[in-house]
Structures are given as structure tokens and as C-alpha cells.
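> Below are the C-alpha cells for one structure; questions will follow.
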Protein chains: 2
Amino acid sequence: MDTLSATFFALADPTRRAILARLTKGETPVTELAAPFDMSLPAISKHLKVLERAGLIVRSRDAQWRPCRLEATRLREVHAWLDHYRRFWEESFDRLDDYLKELQEKEKKAHARKQSRK
Amino acid sequence: MDTLSATFFALADPTRRAILARLTKGETPVTELAAPFDMSLPAISKHLKVLERAGLIVRSRDAQWRPCRLEATRLREVHAWLDHYRRFWEESFDRLDDYLKELQEKEKKAHARKQSRK
């Protein structure tokens with residue numbers, strides 16, 4: 001699997017994303033990572049392996065408790081890929097914005113007409 | 001599957017990402033989308049179904065040739081999710097930057113020492 005596909009695949013799971021979110025607070029041992037989940041330690045280990053293979057986390061080789069830490073390079077690559085599409089969601093936001101302004105103008109004019117009739 | 005997981009899953013394939021890239025040029029009929037790939041039309045249709053279910057593309061119901069177009073809302077959601085991690089890759093870039101500056105300083109000092117010895 002190419003790097004970007006492996007990254008996206010690893011991110012396509014809410015447990016794995018929750019693990020990444022937890023790691024934003026700093027290096028964490030596996031047992032602590034597993035604690036908030038209603039999952040066996042082997043199940044969590046499997047998720048960690050997917051994240052590790054995708055290069056999204058790094059596990060210490062030295063320490064006996066093998067803490068995990070977030071590795072951001074792959075996320076930067078996703079960000080770079082995503083940036084090619086930025087103009088599309090910004091355009092659709094602009095269109096929504098134009099539409100809302102148009103509605104407001106209509107409201108204002110309708111209100112002005114009412115006032116002039118009084 | 002939750003929306004974000006479905007989006008990431010749909011993006012975890014190079015053919016599907018290539019289809020999205022093609023759609024940045026505008027609405028495209030399926031046969032045209034399939035042309036650059038060495039794949040059967042049913043295989044391409046399967047990829048389109050994954051993209052459509054994830055909300056990344058929309059297919060026209062009216063036209064007989066059912067053209068596809070890019071739908072950017074889901075990508076905006078990925079961007080918002082990713083933004084929580086921005087400081088991590090920016091920090092690692094800053095660290096690299098500091099290291100390079102340090103190296104340059106050392107080079108300069110070594111050069112100055114050499115010059116003063118002459």
C-alpha cells in the first residue's frame with residue numbers, strides 16, 4: 001500500500017483517531033492508552049500496529065513499558081494533499097455567504113417597503 | 001461507519017484519489033473518468049460507489065450519462081479534524097529550522113577562527 005493510502009486507512013477508525021488525540025497530550029504507555037476503551041489489550045495492540053505501520057506513531061524501543069508518541073510527518077502529508085482541494089470548500093462557503101447576503105438584502109428591502117407604507 | 005471514518009476509508013485508495021483529482025477539472029461522465037485507468041467499467045463503478053457513499057462525489061440523477069462532480073464538504077471536515085494536529089508538524093519543522101540555524105552558526109564561527117589564525 002502507498003504511504004498516503006496507509007495513512008488514510010489508519011485514520012479510518014474512531015478508536016485509532018481517539019488514540020492519536022490522546023497522544024497529543026504527550027508520550028503515553030500502552031496500558032494507559034488502553035484504559036478509556038472497552039477493549040482487550042490485544043485489540044488495542046492491533047490498532048497501535050496499524051498506526052505504527054502507517055508512521056503515525058512511534059514506539060520507544062528502550063523503555064520496558066514502550067511508550068507511544070505521535071509522529072506528525074504523515075499528517076503534514078495529508079494536509080499537503082488536502083490543500084489542492086481547499087478552493088472547492090472555500091468556494092462553496094463563498095456561495096453560501098453570497099446567498100445569505102442576498103437574503104438579508106431582500107429582508108431589508110421588504111422591511112423598508114413596509115415602513116414607507118406606514 | 002461514522003462519517004469521518006467513511007471519508008478516510010474512501011480516500012485510502014490511489015484510484016479513488018485520482019478520480020477526485022480528475023473531478024477538480026469539472027463535472028465528468030463515468031466513461032471519461034474510467035478512460036485513464038486500466039480497469040473495467042464495473043471496477044470503476046465500485047470505486048465511484050465508495051466515493052458517493054462517503055459523500056465525496058455527487059452523481060447527477062437527471063442526465064442519462066450521469067456525470068459525477070466533486071463535493072467538498074467532507075474534505076473540509078477532514079481539514080478541520082487535521083487542524084488539531086497542526087502545531088505538531090509545525091513544531092517539528094521549527095525544531096529542524098533551529099537545528100539548521102545552529103549548524104550555520106557553528107560553520108560561521110569555525111570559519112572566523114580559521115580567518116583569525118591566518
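By convention here, the chains of the C-alpha cells are called A, B, ... in the order presented, each chain's residues are numbered starting at 1, and ligands are numbered starting at 1 in the order presented.
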Let's see if you can do this: from backbone DSSP, list all strand (DSSP E) residues in chain B, as an MDAnalysis selection string.
chainID B and resid 57:59 68:70
> Keeping only C-alpha atoms, write the selected residues as a JSON list (two decimals), in the first residue's frame.

[["chain", "number", "residue", "atom", "x", "y", "z"],
["B", 57, "ILE", "CA", -18.85, 12.93, -5.05],
["B", 58, "VAL", "CA", -22.38, 13.52, -6.26],
["B", 59, "ARG", "CA", -23.85, 11.87, -9.37],
["B", 68, "CYS", "CA", -20.02, 12.99, -11.39],
["B", 69, "ARG", "CA", -18.93, 16.08, -9.55],
["B", 70, "LEU", "CA", -16.70, 16.72, -6.56]]
> Could you list the residues in chain A lying within 12 Å of chain B, using only C-alpha atoms, and format the result as a PyMOL selection string?
chain A and resi 1-18+20-26+54+56+69-93
> If you run DSSP on the backbone here, which positions in chain B get helix (DSSP H, G or I)? Please write them as a VMD selection string.
chain B and resid 3 to 11 14 to 23 30 to 34 41 to 53 73 to 83 86 to 117
> What does the C-alpha RMSD come to when chain B is least-squares superposed onto chain A, all C-alpha atoms paired in sequence order?
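With chain B fitted onto chain A, the C-alpha RMSD reads 0.2 Å.
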> With only C-alpha atoms as the counted atoms, please give the residues lying no more than 8 Å from B:Leu41, apart from itself and same-chain residues fewer than 4 positions off, as a list of chain:residue names.
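So, after excluding close chain neighbours, the residues are B:Thr31, B:Ala34, B:Ser45.
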> Would you output that residue set with N, CA and C atoms, as a JSON list (two decimals), in the first residue's frame?

[["chain", "number", "residue", "atom", "x", "y", "z"],
["B", 31, "THR", "N", -17.73, 7.31, -18.17],
["B", 31, "THR", "CA", -16.87, 6.71, -19.20],
["B", 31, "THR", "C", -15.57, 7.49, -19.34],
["B", 34, "ALA", "N", -13.31, 6.79, -16.40],
["B", 34, "ALA", "CA", -12.71, 5.46, -16.45],
["B", 34, "ALA", "C", -11.54, 5.38, -17.43],
["B", 45, "SER", "N", -16.97, 1.68, -11.37],
["B", 45, "SER", "CA", -18.28, 1.94, -10.75],
["B", 45, "SER", "C", -18.24, 1.64, -9.26]]
